[in-house]
$ cat target.txt   # compact mmCIF, C-alpha atoms
# COMPACT_ATOMS: atom_id res chain seq x y z
CA MET A 730 -59.95 83.67 224.16
CA LYS A 731 -59.78 80.91 226.71
CA PRO A 732 -62.89 78.85 227.25
CA LEU A 733 -65.21 80.21 229.94
CA HIS A 734 -64.86 77.17 232.12
CA HIS A 735 -61.07 77.76 232.34
CA ALA A 736 -61.63 81.26 233.66
CA ILE A 737 -64.15 80.04 236.18
CA ALA A 738 -61.79 77.32 237.34
CA ARG A 739 -59.00 79.86 237.79
CA LEU A 740 -61.25 82.07 239.95
CA ALA A 741 -62.79 79.24 241.97
CA PRO A 742 -60.30 79.46 244.89
CA THR A 743 -61.01 83.18 245.22
CA PHE A 744 -64.75 82.55 245.28
CA ALA A 745 -64.27 79.85 247.91
CA VAL A 746 -62.27 82.16 250.16
CA LEU A 747 -64.81 84.92 249.78
CA ALA A 748 -67.64 82.55 250.61
CA LEU A 749 -65.88 81.45 253.78
CA LEU A 750 -65.15 85.00 254.82
CA VAL A 751 -68.56 86.45 254.09
CA LEU A 752 -70.11 83.90 256.43
CA MET A 753 -67.95 83.86 259.58
CA PRO A 754 -68.73 82.25 262.93
CA ALA A 755 -68.78 84.73 265.79
CA ALA A 756 -69.68 84.67 269.47
CA VAL A 757 -72.85 86.66 270.06
CA ARG A 758 -75.14 87.12 273.04
CA ALA A 759 -77.66 84.33 273.35
CA SER A 760 -81.25 85.50 273.79
CA THR A 761 -81.41 82.98 276.63
CA PRO A 762 -78.26 81.56 278.26
CA VAL A 763 -77.42 78.13 276.90
CA PHE A 764 -77.20 75.18 279.31
CA LEU A 765 -73.78 73.50 279.15
CA ARG A 766 -73.46 71.03 282.02
CA ALA A 767 -74.24 70.28 285.66
CA TRP A 768 -72.40 68.50 288.45
CA GLY A 769 -72.97 67.54 292.06
CA ASP A 770 -75.05 65.22 294.24
CA SER A 771 -76.10 64.90 297.87
CA THR A 772 -73.28 62.61 298.97
CA SER A 773 -70.51 63.66 301.34
CA GLY A 774 -67.65 62.86 298.96
CA PRO A 775 -65.94 65.07 296.38
CA GLY A 776 -68.56 66.92 294.37
CA GLY A 777 -71.26 66.25 296.95
CA PHE A 778 -73.20 69.03 298.67
CA ALA A 779 -75.44 69.35 301.70
CA ARG A 780 -76.36 73.04 301.32
CA ILE A 781 -74.82 75.10 298.53
CA ALA A 782 -74.30 78.73 299.51
CA GLY A 783 -71.78 81.08 297.88
CA ILE A 784 -70.09 80.53 294.55
CA ALA A 785 -67.16 82.38 292.95
CA VAL A 786 -64.81 82.14 289.98
CA ALA A 787 -61.05 82.30 290.64
CA PRO A 788 -58.56 84.11 288.38
CA ASN A 789 -57.53 80.78 286.85
CA GLY A 790 -61.15 79.94 285.98
CA ASP A 791 -61.75 77.42 288.74
CA VAL A 792 -65.14 77.53 290.43
CA TYR A 793 -65.24 77.63 294.24
CA VAL A 794 -68.45 76.49 295.93
CA VAL A 795 -69.31 76.92 299.62
CA ASP A 796 -71.22 74.13 301.38
CA SER A 797 -72.43 75.95 304.47
CA ASN A 798 -73.74 72.90 306.35
CA ARG A 799 -70.43 71.07 306.06
CA ARG A 800 -68.30 74.23 306.38
CA ARG A 801 -66.53 73.04 303.26
CA VAL A 802 -65.23 74.88 300.19
CA GLN A 803 -64.74 72.82 297.03
CA ALA A 804 -62.86 73.91 293.92
CA PHE A 805 -63.79 72.62 290.47
CA ALA A 806 -62.37 73.11 287.00
CA PRO A 807 -64.68 74.91 284.53
CA ASP A 808 -65.80 71.52 283.21
CA GLY A 809 -66.96 70.49 286.68
CA SER A 810 -64.11 68.14 287.50
CA TYR A 811 -63.22 68.13 291.20
CA GLN A 812 -59.89 69.79 292.09
CA PHE A 813 -59.60 70.01 295.87
CA ASP A 814 -61.45 71.11 299.00
CA TRP A 815 -60.94 72.26 302.55
CA ILE A 816 -62.92 72.61 305.75
CA ALA A 817 -63.26 76.12 307.17
CA SER A 818 -63.05 74.67 310.65
CA ASP A 819 -62.80 77.98 312.48
CA LEU A 820 -66.04 79.32 310.96
CA SER A 821 -69.55 78.54 312.22
CA GLN A 822 -71.48 78.89 308.96
CA PRO A 823 -69.55 80.06 305.90
CA VAL A 824 -71.89 81.52 303.29
CA GLY A 825 -70.54 84.24 300.99
CA ILE A 826 -67.31 83.90 299.02
CA ALA A 827 -65.16 86.15 296.85
CA ILE A 828 -61.70 85.71 295.33
CA ASP A 829 -59.34 88.56 294.52
CA THR A 830 -56.73 88.87 291.77
CA HIS A 831 -54.11 87.38 294.12
CA SER A 832 -56.32 84.26 294.53
CA ARG A 833 -57.00 85.14 298.15
CA VAL A 834 -60.36 83.84 299.33
CA PHE A 835 -62.78 85.89 301.46
CA LEU A 836 -65.52 84.01 303.33
CA THR A 837 -68.39 85.47 305.35
CA ASP A 838 -69.37 83.61 308.52
CA TYR A 839 -73.12 84.14 308.85
CA LYS A 840 -73.41 82.86 312.41
CA GLY A 841 -69.92 83.83 313.57
CA HIS A 842 -70.30 87.45 312.35
CA VAL A 843 -66.82 87.70 310.87
CA VAL A 844 -65.08 87.72 307.51
CA GLU A 845 -62.10 85.44 307.05
CA ARG A 846 -59.36 85.87 304.46
CA GLU A 847 -57.67 82.66 303.36
CA ASP A 848 -55.01 81.80 300.83
CA ALA A 849 -55.89 79.93 297.62
CA SER A 850 -55.64 76.55 299.36
CA GLY A 851 -57.85 77.53 302.30
CA SER A 852 -55.27 78.31 304.97
CA PRO A 853 -56.60 81.14 307.18
CA GLU A 854 -54.67 84.40 307.02
CA GLN A 855 -56.84 86.90 308.87
CA GLN A 856 -60.26 87.52 310.37
CA PHE A 857 -62.01 90.84 310.84
CA GLY A 858 -65.30 91.91 312.40
CA GLN A 859 -67.33 90.81 315.38
CA PHE A 860 -70.98 90.76 316.40
CA GLY A 861 -72.52 94.20 316.82
CA VAL A 862 -74.07 97.26 315.19
CA ASP A 863 -71.10 99.63 315.13
CA THR A 864 -68.86 100.12 312.13
CA ALA A 865 -66.57 97.15 311.45
CA GLN A 866 -69.07 94.93 313.27
CA PHE A 867 -71.54 92.52 311.67
CA HIS A 868 -74.89 90.89 312.26
CA ALA A 869 -75.13 87.92 309.87
CA PRO A 870 -72.85 88.89 306.95
CA SER A 871 -74.35 87.14 303.92
CA ASP A 872 -72.12 88.03 300.98
CA VAL A 873 -68.79 89.56 300.00
CA GLU A 874 -67.31 90.95 296.80
CA VAL A 875 -63.93 92.29 295.73
CA GLU A 876 -63.97 95.71 294.07
CA PRO A 877 -61.81 96.72 291.07
CA ASP A 878 -59.43 98.59 293.39
CA GLY A 879 -58.98 95.51 295.57
CA ASN A 880 -61.11 96.63 298.50
CA VAL A 881 -63.77 94.34 299.89
CA ILE A 882 -67.53 94.97 300.17
CA VAL A 883 -69.44 92.97 302.80
CA VAL A 884 -73.22 92.61 302.95
CA ASP A 885 -74.07 93.09 306.63
CA GLN A 886 -77.51 91.56 306.26
CA LEU A 887 -79.30 92.04 309.58
CA ASN A 888 -77.76 95.48 310.05
CA SER A 889 -79.20 96.32 306.59
CA ARG A 890 -76.05 97.89 305.17
CA LEU A 891 -72.87 97.35 303.20
CA GLN A 892 -69.45 97.86 304.70
CA ARG A 893 -66.20 98.46 302.82
CA PHE A 894 -62.79 97.28 304.05
CA THR A 895 -59.26 97.07 302.76
CA PRO A 896 -58.10 93.51 302.02
CA ASP A 897 -56.43 93.59 305.43
CA GLY A 898 -59.71 94.33 307.22
CA VAL A 899 -59.37 98.07 307.84
CA PHE A 900 -62.82 99.68 307.84
CA LEU A 901 -63.36 102.33 305.15
CA ALA A 902 -67.07 103.14 304.76
CA GLN A 903 -70.64 101.98 305.14
CA ILE A 904 -73.40 102.27 302.53
CA GLY A 905 -77.17 101.94 302.44
CA ASP A 906 -77.92 102.39 306.12
CA THR A 907 -79.68 105.80 306.03
CA VAL A 908 -83.24 105.09 307.18
CA GLY A 909 -85.88 106.68 304.95
CA ALA A 910 -83.47 107.50 302.13
CA PRO A 911 -84.12 106.12 298.61
CA GLY A 912 -81.18 103.75 298.99
CA ALA A 913 -82.09 102.47 302.44
CA LEU A 914 -81.73 98.69 302.54
CA ASP A 915 -83.86 96.13 304.34
CA HIS A 916 -82.36 92.67 304.69
CA PRO A 917 -79.92 92.82 301.75
CA PHE A 918 -78.59 89.47 300.54
CA GLY A 919 -76.06 89.75 297.73
CA VAL A 920 -73.78 92.31 296.10
CA ALA A 921 -72.07 92.64 292.72
CA VAL A 922 -69.65 95.24 291.38
CA ASP A 923 -69.31 96.48 287.81
CA PRO A 924 -66.01 97.58 286.19
CA ASP A 925 -66.64 101.20 287.19
CA GLY A 926 -67.03 100.25 290.83
CA ASN A 927 -70.81 100.72 290.94
CA LEU A 928 -72.51 98.45 293.47
CA TYR A 929 -75.66 96.40 292.84
CA VAL A 930 -77.42 95.04 295.92
CA SER A 931 -80.26 92.53 296.16
CA ASP A 932 -82.54 94.27 298.66
CA GLN A 933 -84.67 91.32 299.75
CA ASN A 934 -87.44 92.84 301.83
CA HIS A 935 -87.94 95.67 299.34
CA HIS A 936 -88.03 93.19 296.43
CA ARG A 937 -85.65 95.24 294.33
CA ILE A 938 -82.08 95.78 293.19
CA VAL A 939 -80.41 98.98 294.41
CA LYS A 940 -77.53 100.54 292.48
CA PHE A 941 -75.00 102.76 294.23
CA ALA A 942 -72.01 104.64 292.90
CA HIS A 943 -68.65 103.63 294.32
CA ASP A 944 -68.85 106.41 296.92
CA GLY A 945 -72.24 105.17 298.13
CA THR A 946 -74.40 107.70 296.27
CA TYR A 947 -77.78 106.21 295.44
CA LEU A 948 -78.22 105.95 291.66
CA THR A 949 -81.35 103.93 290.95
CA SER A 950 -83.36 100.86 291.88
CA PHE A 951 -85.37 98.37 289.85
CA GLY A 952 -87.70 95.46 290.49
CA SER A 953 -90.84 95.16 292.59
CA GLN A 954 -92.84 92.55 294.46
CA GLY A 955 -94.69 90.06 292.30
CA PRO A 956 -94.35 86.98 290.08
CA GLY A 957 -94.08 88.76 286.73
CA PRO A 958 -91.12 89.65 284.52
CA GLY A 959 -88.68 91.88 286.38
CA GLN A 960 -90.40 91.19 289.69
CA PHE A 961 -89.50 89.20 292.79
CA PRO A 962 -92.16 87.51 294.94
CA GLY A 963 -92.03 87.31 298.71
CA PRO A 964 -90.79 86.31 301.12
CA ALA A 965 -87.40 85.42 299.61
CA GLY A 966 -87.08 88.37 297.25
CA PRO A 967 -83.94 88.64 295.09
CA THR A 968 -80.93 86.71 296.38
CA GLY A 969 -77.69 86.08 294.45
CA ILE A 970 -76.51 88.67 291.95
CA ALA A 971 -73.69 88.89 289.37
CA ILE A 972 -72.65 91.04 286.40
CA ASP A 973 -71.14 89.82 283.15
CA PRO A 974 -68.44 91.65 281.15
CA ASP A 975 -71.13 93.35 279.04
CA ARG A 976 -72.67 94.75 282.26
CA THR A 977 -75.76 92.59 282.07
CA VAL A 978 -77.07 92.09 285.62
CA TYR A 979 -78.18 88.57 286.59
CA VAL A 980 -80.38 88.18 289.66
CA VAL A 981 -81.43 84.90 291.26
CA ASP A 982 -85.15 84.82 291.99
CA THR A 983 -85.05 81.94 294.45
CA GLN A 984 -88.75 81.56 295.10
CA SER A 985 -89.58 81.53 291.37
CA ASN A 986 -86.72 79.13 290.55
CA ARG A 987 -85.34 81.39 287.85
CA VAL A 988 -82.62 83.89 287.03
CA GLU A 989 -83.71 87.29 285.73
CA MET A 990 -81.57 89.54 283.54
CA PHE A 991 -81.45 93.36 283.42
CA THR A 992 -79.38 96.07 281.82
CA ASP A 993 -77.12 98.01 284.18
CA SER A 994 -79.74 100.78 284.20
CA GLY A 995 -82.45 98.35 285.29
CA SER A 996 -84.35 97.54 282.09
CA TYR A 997 -85.66 94.00 282.05
CA ILE A 998 -84.08 91.73 279.42
CA GLY A 999 -85.35 88.22 280.10
CA MET A 1000 -85.05 85.18 282.32
CA PHE A 1001 -84.13 81.51 282.32
CA GLY A 1002 -85.03 78.56 284.50
CA THR A 1003 -88.19 76.94 285.82
CA PHE A 1004 -88.91 74.59 288.70
CA GLY A 1005 -87.68 71.05 288.22
CA LYS A 1006 -84.76 68.65 288.10
CA ALA A 1007 -84.05 68.55 284.37
CA PRO A 1008 -81.02 70.34 282.92
CA GLY A 1009 -81.64 74.08 283.03
CA GLN A 1010 -84.29 73.77 285.73
CA PHE A 1011 -83.83 74.78 289.37
CA GLU A 1012 -85.03 73.92 292.83
CA PHE A 1013 -84.26 76.79 295.21
CA PRO A 1014 -81.31 78.39 293.44
CA VAL A 1015 -79.48 80.83 295.69
CA ASN A 1016 -76.23 82.16 294.28
CA ILE A 1017 -74.59 82.91 290.96
CA ALA A 1018 -71.15 83.72 289.56
CA ILE A 1019 -69.96 84.70 286.07
CA SER A 1020 -66.53 84.28 284.51
CA PRO A 1021 -64.81 86.76 282.18
CA ASN A 1022 -65.71 84.34 279.36
CA PHE A 1023 -69.45 84.79 279.99
CA GLU A 1024 -69.76 81.41 281.70
CA ILE A 1025 -72.60 81.47 284.23
CA TYR A 1026 -72.55 79.21 287.31
CA VAL A 1027 -75.72 78.82 289.39
CA GLY A 1028 -75.84 77.12 292.77
CA ASP A 1029 -78.95 74.92 292.47
CA ARG A 1030 -79.29 74.30 296.19
CA ASP A 1031 -82.07 71.75 296.60
CA ASN A 1032 -80.95 69.80 293.54
CA PHE A 1033 -77.49 69.55 295.16
CA ARG A 1034 -75.69 70.68 292.03
CA VAL A 1035 -74.00 73.50 290.18
CA GLN A 1036 -75.33 74.29 286.72
CA LYS A 1037 -73.24 75.97 284.05
CA PHE A 1038 -74.62 78.11 281.24
CA SER A 1039 -73.14 80.33 278.57
CA ALA A 1040 -74.35 83.82 277.77
CA ARG A 1041 -72.68 83.47 274.39
CA THR A 1042 -73.55 81.35 271.39
CA THR A 1043 -71.87 80.86 268.03
CA ALA A 1044 -73.67 82.40 265.09
CA VAL A 1045 -72.82 82.81 261.42
CA THR A 1046 -72.39 86.48 260.63
CA HIS A 1047 -71.65 88.44 257.46
CA ALA A 1048 -68.19 89.96 257.20
CA THR A 1049 -67.71 93.50 255.97
CA TRP A 1050 -65.77 94.11 252.75
CA GLY A 1051 -62.97 95.62 254.85
CA GLU A 1052 -62.74 92.42 256.91
CA ILE A 1053 -62.63 90.34 253.73
CA LYS A 1054 -59.77 92.42 252.29
CA ARG A 1055 -57.79 92.27 255.55
CA ARG A 1056 -58.14 88.51 255.85
CA TYR A 1057 -57.50 87.73 252.18
CA ARG A 1058 -54.31 89.84 251.89
$ encode --input "target.txt" --output "structure tokens"
Amino acid sequence: MKPLHHAIARLAPTFAVLALLVLMPAAVRASTPVFLRAWGDSTSGPGGFARIAGIAVAPNGDVYVVDSNRRRVQAFAPDGSYQFDWIASDLSQPVGIAIDTHSRVFLTDYKGHVVEREDASGSPEQQFGQFGVDTAQFHAPSDVEVEPDGNVIVVDQLNSRLQRFTPDGVFLAQIGDTVGAPGALDHPFGVAVDPDGNLYVSDQNHHRIVKFAHDGTYLTSFGSQGPGPGQFPGPAGPTGIAIDPDRTVYVVDTQSNRVEMFTDSGSYIGMFGTFGKAPGQFEFPVNIAISPNFEIYVGDRDNFRVQKFSARTTAVTHATWGEIKRRYR
């Protein structure tokens, strides 16, 4: 019989592989989003902001940020490095922004009461809407989002409704304008869309989030007025809103300088952010966008910067015996 230490030596590589496989790194949801980096200042040059408004992630991962006071849109790589910018010279006050799968950019003009579609470099292609209360008219459109089918949802803030259009500006429907109904909106600010086409609206004056089905049917609402968890104090109420690939709903609570998180059915999960200038702190955050990779971008308006967080963290997890066998074969 061979000495015991020879047998152990022969099996050592197997034990090493098993040890590596039993403890495997994996991306898991962080209990609180992890701060990654921030960029921006108050200068007028590249990366400088006067008044951050809308923020959106392009199909290639670039981050587009609207500076409403300068009527400028700046594009940044995911690491915050400046790419390019343009001036939306034919708009009075660009605010909301969305980007479709063709990299076309949709901007809402809050004071000009129109939506403008531009190509990926900022060249105007089309405008639709005008001031008014009828369908296909706007009174201070504050946000825009592209739906899974390519249609466009516009938050018509001072008309307290949503309006749906084709990408070419053909009116399709309006939502949330029935006075006295459970889904009636009062001064909505932002809108987000989940993969099923459900709509989530930050209903500012009601201090809540309203969820509609794609066809406009009211589904539920969550949130209330107050400073506590899952609440939104006045007068700002909830503002920017976004949904990650796991359907977690992120809502900017501007007045409380935080972002609150909910399930897609409205259960409160947690929050991140406090008042201040340190990394991970905010001073009047307004808008938020999330990439398919769970990267969270928050427009930290009065700190003149964009802050990036991750909803994922790397953890060591135990592999199943099936995973070990598959990997070791």
$ atom_distance --input "target.txt" --atom1 "atom CA of A:Ile828" --atom2 "atom CA of A:Trp815"
15.3 Å
$ closest_residue --input "target.txt" --among "A:Phe1038, A:Tyr997, A:Phe805, A:Phe1011" --to "A:Ser985" --atoms "only C-alpha atoms"
A:Phe1011
$ residues_around --input "target.txt" --residues "A:Arg766" --least-positions-apart "2" --cutoff "10 Å" --atoms "only C-alpha atoms" --output "NGL selection string"
:A and (763-764 or 768 or 807-809 or 1008-1009 or 1026 or 1035-1039)
$ residues_around --input "target.txt" --residues "A:Ala849" --least-positions-apart "4" --cutoff "8 Å" --atoms "all atoms listed in the file" --output "ChimeraX atom specification"
/A:832-834
$ atom_distance --input "target.txt" --atom1 "atom CA of A:Asp770" --atom2 "atom CA of A:Arg800"
16.6 Å
$ closest_residue --input "target.txt" --among "A:Phe1023, A:Asp863, A:Ala759, A:Leu914" --to "A:Ala971" --atoms "all atoms listed in the file"
A:Phe1023
$ residues_around --input "target.txt" --residues "A:Gly963" --least-positions-apart "6" --cutoff "9 Å" --atoms "all atoms listed in the file" --output "compact mmCIF listing (two decimals) with C-alpha atoms, keeping the file's coordinate frame"
# COMPACT_ATOMS: atom_id res chain seq x y z
CA GLN A 933 -84.67 91.32 299.75
CA ASN A 934 -87.44 92.84 301.83
CA HIS A 936 -88.03 93.19 296.43
CA GLN A 954 -92.84 92.55 294.46
CA GLY A 955 -94.69 90.06 292.30
CA PRO A 956 -94.35 86.98 290.08
CA GLN A 984 -88.75 81.56 295.10
$ atom_distance --input "target.txt" --atom1 "atom CA of A:Ile1019" --atom2 "atom CA of A:Val875"
13.7 Å
$ closest_residue --input "target.txt" --among "A:Val802, A:Ala827, A:Val980, A:Ile781" --to "A:Gly879" --atoms "all atoms listed in the file"
A:Ala827
$ closest_residue --input "target.txt" --among "A:Ala804, A:Ala913, A:Val908, A:Val881" --to "A:Pro896" --atoms "all atoms listed in the file"
A:Val881
$ residues_around --input "target.txt" --residues "A:Asp796" --least-positions-apart "2" --cutoff "9 Å" --atoms "only C-alpha atoms" --output "JSON, numbers by chain"
{"A": [778, 779, 780, 781, 782, 783, 794, 798, 799, 800, 801, 802, 803, 822, 823, 824]}
$ residues_around --input "target.txt" --residues "stretch 944-946 of chain A" --least-positions-apart "2" --cutoff "10 Å" --atoms "all atoms listed in the file" --output "short mmCIF file (atom, residue, chain, number, x, y, z; two decimals) with C-alpha atoms, in the coordinates of the input"
data_model
loop_
_atom_site.label_atom_id
_atom_site.label_comp_id
_atom_site.auth_asym_id
_atom_site.auth_seq_id
_atom_site.Cartn_x
_atom_site.Cartn_y
_atom_site.Cartn_z
CA LEU A 891 -72.87 97.35 303.20
CA ALA A 902 -67.07 103.14 304.76
CA GLN A 903 -70.64 101.98 305.14
CA ILE A 904 -73.40 102.27 302.53
CA GLY A 905 -77.17 101.94 302.44
CA GLY A 912 -81.18 103.75 298.99
CA GLY A 926 -67.03 100.25 290.83
CA ASN A 927 -70.81 100.72 290.94
CA LEU A 928 -72.51 98.45 293.47
CA LYS A 940 -77.53 100.54 292.48
CA PHE A 941 -75.00 102.76 294.23
CA ALA A 942 -72.01 104.64 292.90
CA LEU A 948 -78.22 105.95 291.66
CA THR A 949 -81.35 103.93 290.95
#
$ residues_near_point --input "target.txt" --point "(-82.9, 79.9, 285.4)" --cutoff "6 Å" --atoms "all atoms listed in the file" --output "PyMOL selection string"
chain A and resi 987-988+1001-1002
$ closest_residue --input "target.txt" --among "A:Ser871, A:Asn1016, A:Thr864, A:Ser818" --to "A:Val844" --atoms "only C-alpha atoms"
A:Ser871
